$ cat target.cif   # mmCIF, C-alpha atoms
data_final
loop_
_atom_site.label_atom_id
_atom_site.label_comp_id
_atom_site.auth_asym_id
_atom_site.auth_seq_id
_atom_site.Cartn_x
_atom_site.Cartn_y
_atom_site.Cartn_z
CA MET A 19 144.67 70.99 102.99
CA ARG A 20 145.94 73.73 105.31
CA PHE A 21 146.79 75.89 102.28
CA LEU A 22 143.25 75.39 100.90
CA CYS A 23 141.69 76.45 104.23
CA LEU A 24 143.89 79.56 104.37
CA PHE A 25 142.98 80.38 100.77
CA CYS A 26 139.24 80.06 101.54
CA LEU A 27 139.69 82.24 104.61
CA PHE A 28 141.51 84.83 102.49
CA ILE A 29 138.64 84.87 99.95
CA PHE A 30 136.08 85.16 102.75
CA VAL A 31 137.94 88.08 104.34
CA GLN A 32 138.37 89.79 100.98
CA ASN A 33 134.63 89.45 100.28
CA GLY A 34 133.89 90.80 103.72
CA ILE A 35 136.15 93.78 103.07
CA ALA A 36 134.50 94.40 99.70
CA GLN A 37 131.12 94.31 101.41
CA THR A 38 132.28 96.64 104.19
CA ASN A 39 133.80 99.11 101.73
CA PHE A 40 130.59 99.53 99.76
CA LYS A 41 128.99 102.85 100.64
CA PHE A 42 126.34 105.18 99.33
CA ASP A 43 128.01 108.37 98.13
CA GLN A 44 126.62 111.30 100.13
CA SER A 45 128.00 113.95 97.74
CA ASP A 46 125.67 116.48 96.13
CA TYR A 47 123.77 115.38 93.04
CA GLN A 48 125.95 117.18 90.46
CA THR A 49 129.08 115.65 91.95
CA ILE A 50 127.46 112.23 91.59
CA ILE A 51 126.73 112.93 87.92
CA LYS A 52 130.33 114.04 87.30
CA ARG A 53 131.63 110.90 88.99
CA SER A 54 129.23 108.84 86.86
CA LYS A 55 130.73 110.31 83.69
CA ALA A 56 134.30 109.90 84.91
CA GLU A 57 133.84 106.26 85.94
CA GLN A 58 131.44 105.44 83.08
CA LYS A 59 128.88 104.04 85.47
CA LEU A 60 125.15 104.49 85.80
CA VAL A 61 123.57 106.23 88.80
CA PHE A 62 121.35 104.58 91.40
CA LEU A 63 119.39 107.18 93.40
CA MET A 64 117.17 106.38 96.36
CA LEU A 65 114.77 109.06 97.60
CA PHE A 66 113.57 108.42 101.14
CA ALA A 67 112.20 110.02 104.31
CA SER A 68 113.46 109.29 107.83
CA TRP A 69 109.91 108.65 109.09
CA CYS A 70 109.04 106.16 106.31
CA PRO A 71 109.11 102.53 107.65
CA HIS A 72 109.37 101.07 104.11
CA CYS A 73 112.40 103.27 103.42
CA THR A 74 114.07 102.21 106.67
CA LYS A 75 113.48 98.54 105.94
CA MET A 76 114.94 98.86 102.44
CA LYS A 77 118.01 100.71 103.74
CA ASN A 78 118.65 98.44 106.72
CA GLU A 79 117.88 95.09 105.12
CA VAL A 80 117.69 94.89 101.32
CA LEU A 81 120.37 97.48 100.57
CA LYS A 82 122.76 95.75 102.98
CA ASP A 83 122.41 92.35 101.36
CA THR A 84 125.74 91.20 99.86
CA MET A 85 124.27 90.23 96.48
CA VAL A 86 122.50 93.59 96.23
CA THR A 87 125.56 95.65 97.16
CA ASN A 88 127.83 93.65 94.85
CA LEU A 89 125.45 94.20 91.93
CA LEU A 90 124.99 97.89 92.69
CA GLY A 91 128.67 98.52 93.42
CA LYS A 92 129.76 96.93 90.16
CA ASN A 93 127.38 98.86 87.92
CA TYR A 94 126.29 102.06 89.65
CA ILE A 95 127.36 105.14 91.52
CA CYS A 96 124.95 104.86 94.44
CA THR A 97 123.47 107.68 96.46
CA TRP A 98 120.43 108.34 98.62
CA GLN A 99 118.78 111.60 99.58
CA ASP A 100 116.29 112.54 102.30
CA ILE A 101 113.39 114.35 100.59
CA GLU A 102 113.01 116.64 103.62
CA GLU A 103 116.54 118.00 103.37
CA LYS A 104 117.78 120.64 100.91
CA GLU A 105 119.21 118.44 98.14
CA GLY A 106 116.45 115.88 98.56
CA ILE A 107 113.73 118.54 98.29
CA LEU A 108 115.13 119.63 94.93
CA LEU A 109 115.45 116.07 93.65
CA LYS A 110 111.91 115.24 94.74
CA GLU A 111 110.66 118.09 92.55
CA LYS A 112 113.06 117.35 89.70
CA PHE A 113 111.93 113.73 89.38
CA LYS A 114 108.27 114.39 90.35
CA MET A 115 108.43 111.81 93.10
CA THR A 116 105.06 110.78 94.61
CA SER A 117 105.83 107.54 96.51
CA LEU A 118 108.26 106.44 99.22
CA PRO A 119 110.75 105.06 98.78
CA THR A 120 111.55 105.79 95.13
CA PHE A 121 114.54 104.28 93.30
CA ILE A 122 115.70 105.98 90.10
CA PHE A 123 118.24 104.53 87.68
CA LEU A 124 119.98 107.15 85.49
CA ASP A 125 122.71 107.34 82.89
CA SER A 126 125.48 109.92 83.17
CA ASN A 127 123.45 112.36 81.06
CA GLU A 128 120.62 112.20 83.62
CA ASN A 129 118.32 110.23 81.35
CA GLU A 130 115.95 108.13 83.43
CA LEU A 131 116.37 104.47 82.50
CA TYR A 132 114.20 102.78 85.09
CA ARG A 133 112.21 103.60 88.21
CA LEU A 134 110.84 101.62 91.15
CA LYS A 135 108.74 102.62 94.13
CA GLY A 136 107.83 100.99 97.40
CA GLU A 137 109.21 98.12 99.45
CA TYR A 138 110.68 95.01 97.77
CA LYS A 139 111.82 91.58 98.90
CA THR A 140 115.54 91.07 98.27
CA PRO A 141 115.26 88.50 95.40
CA VAL A 142 112.73 90.68 93.57
CA PHE A 143 114.86 93.79 94.04
CA ILE A 144 117.89 91.97 92.63
CA ALA A 145 115.85 90.97 89.58
CA GLU A 146 114.74 94.57 89.10
CA ILE A 147 118.32 95.88 89.31
CA LYS A 148 119.20 93.44 86.53
CA ASN A 149 116.17 94.58 84.51
CA ALA A 150 117.38 98.16 84.84
CA LEU A 151 120.69 97.13 83.26
CA ASP A 152 119.01 95.57 80.22
CA PRO A 153 118.72 98.20 77.43
CA LYS A 154 115.63 96.49 76.00
CA LYS A 155 113.82 96.77 79.35
CA GLN A 156 114.69 100.40 79.96
CA LEU A 157 112.16 103.20 79.60
CA PRO A 158 113.82 105.12 76.71
CA TYR A 159 113.91 102.00 74.51
CA LEU A 160 110.35 100.95 75.36
CA GLU A 161 109.01 104.48 74.90
CA LYS A 162 110.72 104.85 71.52
CA LYS A 163 109.36 101.50 70.35
CA PHE A 164 105.84 102.38 71.50
CA THR A 165 105.94 105.87 69.97
CA ALA A 166 107.01 104.45 66.61
CA ASP A 167 103.81 102.40 66.49
CA PRO A 168 101.28 103.55 69.13
CA SER A 169 98.65 101.12 67.79
CA ASN A 170 100.77 98.09 68.70
CA ALA A 171 99.26 96.57 71.85
CA GLU A 172 102.31 94.44 72.65
CA ASN A 173 104.62 97.47 72.55
CA TRP A 174 102.27 99.35 74.83
CA LEU A 175 101.94 96.49 77.33
CA ASN A 176 105.73 96.15 77.57
CA TYR A 177 106.03 99.89 78.13
CA MET A 178 103.15 99.93 80.63
CA ASN A 179 104.58 97.08 82.69
CA VAL A 180 107.75 99.09 83.33
CA LEU A 181 106.01 102.45 83.73
CA LYS A 182 103.69 101.24 86.47
CA LYS A 183 106.60 99.96 88.59
CA GLY A 184 107.72 103.45 89.43
CA ARG A 185 105.89 106.24 87.65
CA ASP A 186 102.87 108.19 88.80
CA ARG A 187 99.42 107.04 87.65
CA SER A 188 99.03 110.21 85.54
CA ASP A 189 102.10 109.27 83.45
CA LEU A 190 100.65 105.84 82.86
CA SER A 191 97.25 107.25 81.93
CA GLN A 192 98.66 109.83 79.51
CA ALA A 193 100.57 107.18 77.59
CA ALA A 194 97.61 104.78 77.61
CA HIS A 195 95.34 107.29 75.92
CA LYS A 196 97.81 107.54 73.02
CA TYR A 197 97.36 103.84 72.38
CA LEU A 198 93.62 103.74 73.05
CA ALA A 199 93.06 106.64 70.64
CA THR A 200 94.08 104.23 67.86
CA GLN A 201 91.26 101.84 68.81
CA THR A 202 87.63 102.11 67.71
CA ASP A 203 84.88 101.84 70.33
CA GLU A 204 84.20 98.26 69.28
CA GLN A 205 87.90 97.37 69.48
CA LEU A 206 88.02 98.54 73.10
CA VAL A 207 86.07 95.44 74.11
CA SER A 208 88.89 92.92 74.07
CA GLU A 209 90.87 91.16 76.75
CA THR A 210 94.03 93.13 75.93
CA ASN A 211 92.34 96.52 75.79
CA TRP A 212 90.41 95.83 78.99
CA ARG A 213 93.74 95.09 80.70
CA ILE A 214 95.08 98.44 79.51
CA ILE A 215 91.96 100.32 80.60
CA ALA A 216 91.93 98.59 83.98
CA ASN A 217 95.59 99.38 84.67
CA ALA A 218 96.01 102.80 83.15
CA VAL A 219 92.79 104.77 82.62
CA SER A 220 92.01 107.04 85.57
CA ASP A 221 89.94 109.86 84.01
CA ILE A 222 86.26 109.42 84.81
CA SER A 223 85.31 111.66 81.87
CA SER A 224 87.48 109.86 79.33
CA ARG A 225 85.96 108.25 76.26
CA GLU A 226 87.31 104.84 77.30
CA PHE A 227 85.90 104.84 80.81
CA GLN A 228 82.56 106.19 79.68
CA TYR A 229 82.42 103.37 77.12
CA VAL A 230 83.06 100.87 79.94
CA LEU A 231 80.21 102.40 81.96
CA HIS A 232 77.74 101.98 79.10
CA HIS A 233 78.95 98.51 78.07
CA GLN A 234 79.61 96.78 81.37
CA LYS A 235 78.19 93.43 80.27
CA GLU A 236 80.47 93.32 77.22
CA PHE A 237 83.57 94.11 79.28
CA ALA A 238 82.50 91.63 81.97
CA ALA A 239 82.46 88.94 79.27
CA VAL A 240 86.17 89.52 78.45
CA SER A 241 87.20 89.93 82.10
CA SER A 242 84.63 89.36 84.87
CA PRO A 243 81.73 91.29 86.45
CA SER A 244 83.69 91.74 89.69
CA ARG A 245 86.71 93.23 87.87
CA VAL A 246 84.55 95.71 85.99
CA GLU A 247 82.81 96.71 89.21
CA ARG A 248 86.18 97.05 90.97
CA LYS A 249 87.50 99.32 88.20
CA ILE A 250 84.46 101.58 88.46
CA THR A 251 84.81 101.74 92.25
CA ASN A 252 88.56 102.42 92.05
CA ILE A 253 88.16 105.27 89.60
CA VAL A 254 85.64 107.00 91.90
CA THR A 255 87.99 106.45 94.83
CA GLU A 256 90.88 108.03 92.89
CA LEU A 257 88.59 110.94 92.01
CA LEU A 258 87.27 111.74 95.50
CA GLN A 259 89.78 110.46 98.04
CA PRO A 260 92.49 113.13 97.54
CA PHE A 261 90.02 115.96 98.17
CA THR A 262 88.57 114.14 101.17
CA GLU A 263 92.04 113.74 102.68
CA SER A 264 92.98 117.38 102.01
CA LEU A 265 89.53 118.66 103.11
CA ASP A 266 89.24 120.57 99.83
CA THR A 267 85.45 120.84 99.96
CA ILE A 268 85.20 123.05 96.86
CA GLN A 269 86.99 120.58 94.56
CA TYR A 270 85.30 117.67 96.29
CA LYS A 271 81.83 119.00 95.44
CA LYS A 272 82.84 119.53 91.80
CA GLN A 273 84.23 116.02 91.40
CA ARG A 274 81.35 114.52 93.38
CA GLN A 275 78.98 115.69 90.66
CA LEU A 276 80.94 113.60 88.14
CA ALA A 277 80.88 110.58 90.42
CA LYS A 278 77.11 110.88 90.90
CA THR A 279 76.60 110.41 87.16
CA ILE A 280 77.48 106.73 87.71
CA GLN A 281 74.23 104.99 88.55
CA ALA A 282 75.22 102.16 90.88
CA GLN A 283 74.37 101.23 94.47
CA LYS A 284 78.01 100.58 95.32
CA ILE A 285 79.07 103.99 94.03
CA ASP A 286 76.28 105.73 95.97
CA SER A 287 77.46 103.90 99.08
CA LEU A 288 81.05 105.00 98.42
CA ILE A 289 79.98 108.62 97.95
CA PHE A 290 78.02 108.44 101.23
CA SER A 291 81.20 107.29 102.95
CA TYR A 292 83.20 110.23 101.54
CA ASP A 293 80.39 112.71 102.23
CA SER A 294 80.16 111.70 105.88
CA THR A 295 83.95 111.55 106.28
CA ILE A 296 84.54 115.05 104.92
CA ALA A 297 81.71 116.45 107.09
CA GLU A 298 83.13 114.71 110.16
CA ARG A 299 86.73 115.77 109.56
CA SER A 300 85.73 119.38 108.90
CA GLY A 301 83.52 119.47 111.99
CA ASN A 302 80.40 120.29 109.98
CA TRP A 303 78.00 118.43 112.25
CA TRP A 304 74.90 119.96 110.66
CA ALA A 305 75.94 118.45 107.31
CA TYR A 306 77.00 115.20 108.99
CA ARG A 307 73.57 114.85 110.64
CA LYS A 308 71.78 115.53 107.36
CA ILE A 309 73.90 113.02 105.41
CA THR A 310 73.61 110.24 107.98
CA ILE A 311 69.89 110.72 108.69
CA GLU A 312 69.17 110.42 104.97
CA SER A 313 71.44 107.50 104.10
CA THR A 314 72.74 105.45 107.05
CA GLN A 315 69.97 102.87 106.90
CA LYS A 316 70.27 102.67 103.13
CA TYR A 317 74.02 102.08 102.89
CA VAL A 318 75.45 100.75 106.18
CA TRP A 319 72.46 99.09 107.86
CA ASN A 320 74.23 95.72 107.93
CA ASN A 321 77.60 97.00 109.13
CA ALA A 322 77.70 96.89 112.94
CA SER A 323 81.02 98.72 113.18
CA LEU A 324 79.96 101.69 111.03
CA LEU A 325 76.60 101.93 112.79
CA LYS A 326 78.46 102.24 116.10
CA ASP A 327 80.87 104.83 114.68
CA ILE A 328 78.05 107.03 113.42
CA SER A 329 76.09 106.64 116.69
CA GLN A 330 79.23 107.56 118.65
CA ASN A 331 79.53 110.80 116.67
CA TYR A 332 75.91 111.58 117.53
CA LEU A 333 76.66 110.96 121.20
CA ASN A 334 79.64 113.31 121.06
CA HIS A 335 78.37 116.08 118.78
CA ILE A 336 74.59 116.02 118.18
CA THR A 337 72.14 117.49 120.69
CA ASP A 338 68.58 117.42 119.32
CA ILE A 339 66.47 114.63 120.76
CA ALA A 340 64.92 113.45 117.49
CA SER A 341 68.36 112.85 115.96
CA LEU A 342 69.62 111.11 119.09
CA LYS A 343 66.63 108.76 119.00
CA GLN A 344 67.61 107.88 115.44
CA ALA A 345 71.13 107.13 116.66
CA LEU A 346 69.61 104.87 119.32
CA GLN A 347 68.00 102.81 116.55
CA TRP A 348 71.33 102.47 114.74
CA ALA A 349 73.18 101.50 117.92
CA ALA A 350 70.46 98.99 118.88
CA HIS A 351 70.60 97.41 115.42
CA SER A 352 74.40 97.13 115.66
CA LEU A 353 73.85 94.96 118.76
CA GLU A 354 71.38 92.81 116.85
CA LEU A 355 74.11 92.25 114.27
CA LYS A 356 76.86 91.69 116.84
CA ASP A 357 76.47 91.96 120.61
CA SER A 358 79.44 93.70 122.23
CA PHE A 359 80.64 95.51 125.32
CA ASP A 360 81.27 98.81 123.55
CA GLY A 361 77.91 98.61 121.75
CA ASN A 362 75.98 98.22 125.01
CA LEU A 363 78.06 100.96 126.64
CA LEU A 364 77.31 103.30 123.72
CA LEU A 365 73.59 102.54 123.86
CA SER A 366 73.52 103.21 127.60
CA LYS A 367 75.23 106.59 127.13
CA LEU A 368 72.82 107.55 124.34
CA TYR A 369 69.83 106.75 126.57
CA LEU A 370 71.40 108.78 129.35
CA LYS A 371 71.83 111.73 126.97
CA ILE A 372 68.08 111.79 126.25
CA ASP A 373 67.33 111.35 130.01
CA ASP A 374 65.98 107.79 129.74
CA THR A 375 67.74 106.61 132.90
CA LYS A 376 65.85 103.31 133.16
CA SER A 377 67.03 102.16 129.71
CA ALA A 378 70.51 103.55 130.35
CA ILE A 379 70.79 101.38 133.49
CA GLN A 380 69.55 98.30 131.61
CA PHE A 381 72.27 98.51 128.93
CA ALA A 382 74.95 99.61 131.41
CA ARG A 383 74.38 96.39 133.33
CA LYS A 384 74.61 94.36 130.11
CA ALA A 385 77.89 96.12 129.28
CA LYS A 386 79.22 95.42 132.79
CA GLY A 387 78.35 91.73 132.47
CA ILE A 388 80.18 91.41 129.15
CA CYS A 389 83.16 93.35 130.53
CA THR A 390 83.41 91.07 133.55
CA ALA A 391 83.08 87.93 131.43
CA LEU A 392 85.78 89.07 129.00
CA GLY A 393 88.08 90.56 131.64
CA CYS A 394 88.38 93.87 129.74
CA ASN A 395 89.23 97.30 131.16
CA SER A 396 86.27 98.40 133.30
CA LYS A 397 87.16 102.09 133.71
CA ASP A 398 84.51 103.43 131.31
CA ILE A 399 81.68 101.27 132.62
CA ASP A 400 82.65 101.96 136.24
CA GLU A 401 82.47 105.71 135.57
CA LEU A 402 79.06 105.26 133.92
CA PHE A 403 77.83 103.23 136.92
CA ILE A 404 78.76 106.18 139.17
CA LYS A 405 76.83 108.62 136.93
CA LEU A 406 73.80 106.33 137.00
CA SER A 407 74.16 105.69 140.77
CA ILE A 408 74.28 101.94 140.17
CA LYS A 409 75.75 99.81 142.93
#

$ encode --input "target.cif" --output "C-alpha cells"
Amino acid sequence: MRFLCLFCLFIFVQNGIAQTNFKFDQSDYQTIIKRSKAEQKLVFLMLFASWCPHCTKMKNEVLKDTMVTNLLGKNYICTWQDIEEKEGILLKEKFKMTSLPTFIFLDSNENELYRLKGEYKTPVFIAEIKNALDPKKQLPYLEKKFTADPSNAENWLNYMNVLKKGRDRSDLSQAAHKYLATQTDEQLVSETNWRIIANAVSDISSREFQYVLHHQKEFAAVSSPSRVERKITNIVTELLQPFTESLDTIQYKKQRQLAKTIQAQKIDSLIFSYDSTIAERSGNWWAYRKITIESTQKYVWNNASLLKDISQNYLNHITDIASLKQALQWAAHSLELKDSFDGNLLLSKLYLKIDDTKSAIQFARKAKGICTALGCNSKDIDELFIKLSIK
C-alpha cells in the first residue's frame, strides 16, 4: 500500500514537472519554423495585444490548463507574439490578422492549417486543437476539395464552417461567391443557399444580395422573415459602421447612397443613427441639427433614452431658440415614456437656456424630489437650484 502511494505521488510530481516545464517559445518566428522542421512538429502561434482582455484571459486561464498544455506540447512548437512589438507587427501583416486574439496553426513549411479568433472556453478550445490536427478538417484539404467541385454545397459548407472560425469576412465572402456563381437565380432560394448567403455574403451590390432584396418573401419562406430582415440590417451595418468609426465622411457618403437604395423603415432608421453619430463625432452641429430636426420624431420617438441623448446634445451645442424648443418637446416626451431624475433635470436646464425660469423651476423641483426619493447624487440638482435661486 505504501509503495502504491509513493508511486502515485511520483506520477503526480512528474505530471506537475511536465506542466511546469511547458513554455511558449519566445524565439523569433524564423527560429520557430526551423525548430518545427527539426522536431517535425506543427506550429501554434498566438497573436495578442497586452491591452486586450480576451487575450489576457486566454493566456492566464485556458493556455495554462493542464489538458491544453499537454495537447499543445505534444504536437506543436508554441509561441506567442505581441502585435504591437516588432516581430508581432510583421506577423500581423503577414497573416492579415483582424481580430484579437488570433490563433494560427501552421506546418513547418508555413502553410496555414487552421485558424481561430476570439475567446474560447477550455473544453471548446481543446476540441478545436484536436480539429486542427485532423487533416480532413484542415483548410488546405477543405479548400482543395471545394475547388475541385465548387458547385458542391456540402463541400462549401464544410469549408465555410472552418473559414469563419478564424478568417476575415472578406475571405469568406470571396469563396462564397465562387460557389454561388454556380447557382441560378432560382436555385438561390433554398435553405442551404440561404445559409451560405446569410453567413458569407457581405457585398451590398452583389447579385446574390440584390436577389434577396427583391425576393424577400421567398427567402423568408425557407428561413424566416426576421432572419431575412436581420441579414439586410447587418449588411448595411457592415457597409457604414467602419466609416462612421473612422470618421471617413467622404467614403461614408458614397456608401450611404448604396444603403439608401434599400427601401425599408428599419434601414432608414439605421442610416439616421449613423448620420447623427458621424455628425456628432465630427462636431458638425449644423448637420446634426438638420438631421435630428428632420428625423428624430420619425425614427426614435418611442425611445426615451435616445430622445434624452439628442436633447442633451442640443443643450450642450445648439443655441437657436426654435431648435431648443424642439428639443424641449423631445425631452418632455421622453418623460412621458419613462419618468426619471435625469430627464427632469435635462428639461429644467433646457427651459433655463431659453429663459423660461418658471418652467425650469417646476422641473428642477421634480428632479429634486426623485433624487431625494432614490438617494442618488444630488450635486447636479443642487447646483441647478443655486442658479435658479431655489431654496

$ resolve_selection --input "target.cif" --expression "the PyMOL selection byres ((chain A and resi 196) around 10)" --output "list in words"
Phe164, Thr165, Pro168, Ser169, Trp174, Ser191, Gln192, Ala193, Ala194, His195, Tyr197, Leu198, Ala199, Thr200 and Gln201 of chain A

$ atom_distance --input "target.cif" --atom1 "CA of Thr314 (chain A)" --atom2 "CA of Gln330 (chain A)"
13.5 Å

$ residues_around --input "target.cif" --residues "Trp303 (chain A)" --least-positions-apart "5" --cutoff "7 Å" --atoms "all atoms listed in the file" --output "ChimeraX atom specification"
/A:297-298,335

$ atom_distance --input "target.cif" --atom1 "CA of Phe40 (chain A)" --atom2 "CA of Lys59 (chain A)"
15.1 Å

$ closest_residue --input "target.cif" --among "A:Lys367, A:Lys77, A:Lys52, A:Lys163" --to "Phe121 (chain A)" --atoms "only C-alpha atoms"
A:Lys77

$ closest_atom_pairs --input "target.cif" --of "region 217-315 of chain A" --to "region 338-342 of chain A" --cutoff "10 Å" --atoms "only C-alpha atoms" --output "JSON lines"
{"residue": "A:Arg307", "atom": "CA", "partner": "A:Ser341", "partner_atom": "CA", "distance": 7.7}
{"residue": "A:Lys308", "atom": "CA", "partner": "A:Ser341", "partner_atom": "CA", "distance": 9.6}
{"residue": "A:Thr310", "atom": "CA", "partner": "A:Ser341", "partner_atom": "CA", "distance": 9.9}
{"residue": "A:Ile311", "atom": "CA", "partner": "A:Ser341", "partner_atom": "CA", "distance": 7.7}

$ resolve_selection --input "target.cif" --expression "the PyMOL selection byres ((chain A and resi 57) around 12)" --output "list in words"
Ile50, Ile51, Lys52, Arg53, Ser54, Lys55, Ala56, Gln58, Lys59, Leu60, Val61, Gly91, Lys92, Asn93, Tyr94, Ile95, Asp125 and Ser126 of chain A

$ resolve_selection --input "target.cif" --expression "the PyMOL selection byres ((chain A and resi 346) around 8)" --output "JSON, numbers by chain"
{"A": [329, 342, 343, 344, 345, 347, 348, 349, 350, 365, 368, 369]}

$ atom_distance --input "target.cif" --atom1 "CA of Leu288 (chain A)" --atom2 "CA of Ser244 (chain A)"
16.1 Å

$ closest_residue --input "target.cif" --among "A:Ile336, A:Val240, A:Leu363, A:Leu131" --to "Asn302 (chain A)" --atoms "all atoms listed in the file"
A:Ile336

$ closest_residue --input "target.cif" --among "A:Met178, A:Met76, A:Thr255, A:Gln273" --to "Asn217 (chain A)" --atoms "all atoms listed in the file"
A:Met178

$ closest_residue --input "target.cif" --among "A:Lys148, A:His232, A:Lys139, A:Lys272" --to "Val246 (chain A)" --atoms "only C-alpha atoms"
A:His232

$ closest_residue --input "target.cif" --among "A:Ile379, A:Val230, A:Leu151, A:Val86" --to "Leu402 (chain A)" --atoms "only C-alpha atoms"
A:Ile379

$ closest_residue --input "target.cif" --among "A:Ile309, A:Ile144, A:Ile215, A:Ile222" --to "Leu276 (chain A)" --atoms "all atoms listed in the file"
A:Ile222

$ residues_around --input "target.cif" --residues "Thr202 (chain A)" --least-positions-apart "6" --cutoff "12 Å" --atoms "all atoms listed in the file" --output "list in words"
Ser169, Ser208, Asn211, Arg225, Glu226 and Tyr229 of chain A

$ residues_around --input "target.cif" --residues "Tyr317 (chain A)" --least-positions-apart "2" --cutoff "10 Å" --atoms "all atoms listed in the file" --output "list in words"
Gln283, Lys284, Asp286, Ser287, Leu288, Phe290, Ser291, Thr310, Glu312, Ser313, Thr314, Gln315, Trp319, Asn320 and Asn321 of chain A

$ write_last_selection --input "target.cif" --atoms "C-alpha atoms" --output "PDB file, in the coordinates of the input"
ATOM      1  CA  GLN A 283      74.370 101.230  94.470  1.00  0.00           C
ATOM      2  CA  LYS A 284      78.010 100.580  95.320  1.00  0.00           C
ATOM      3  CA  ASP A 286      76.280 105.730  95.970  1.00  0.00           C
ATOM      4  CA  SER A 287      77.460 103.900  99.080  1.00  0.00           C
ATOM      5  CA  LEU A 288      81.050 105.000  98.420  1.00  0.00           C
ATOM      6  CA  PHE A 290      78.020 108.440 101.230  1.00  0.00           C
ATOM      7  CA  SER A 291      81.200 107.290 102.950  1.00  0.00           C
ATOM      8  CA  THR A 310      73.610 110.240 107.980  1.00  0.00           C
ATOM      9  CA  GLU A 312      69.170 110.420 104.970  1.00  0.00           C
ATOM     10  CA  SER A 313      71.440 107.500 104.100  1.00  0.00           C
ATOM     11  CA  THR A 314      72.740 105.450 107.050  1.00  0.00           C
ATOM     12  CA  GLN A 315      69.970 102.870 106.900  1.00  0.00           C
ATOM     13  CA  TRP A 319      72.460  99.090 107.860  1.00  0.00           C
ATOM     14  CA  ASN A 320      74.230  95.720 107.930  1.00  0.00           C
ATOM     15  CA  ASN A 321      77.600  97.000 109.130  1.00  0.00           C
TER      16      ASN A 321
END

$ residues_around --input "target.cif" --residues "Tyr292 (chain A)" --least-positions-apart "3" --cutoff "8 Å" --atoms "all atoms listed in the file" --output "PyMOL selection string"
chain A and resi 258-259+262+288-289+295-296

$ residues_around --input "target.cif" --residues "Trp98 (chain A)" --least-positions-apart "2" --cutoff "9 Å" --atoms "all atoms listed in the file" --output "list in words"
Phe42, Asp43, Gln44, Phe62, Leu63, Met64, Leu65, Phe66, Cys96, Asp100, Gly106 and Phe121 of chain A
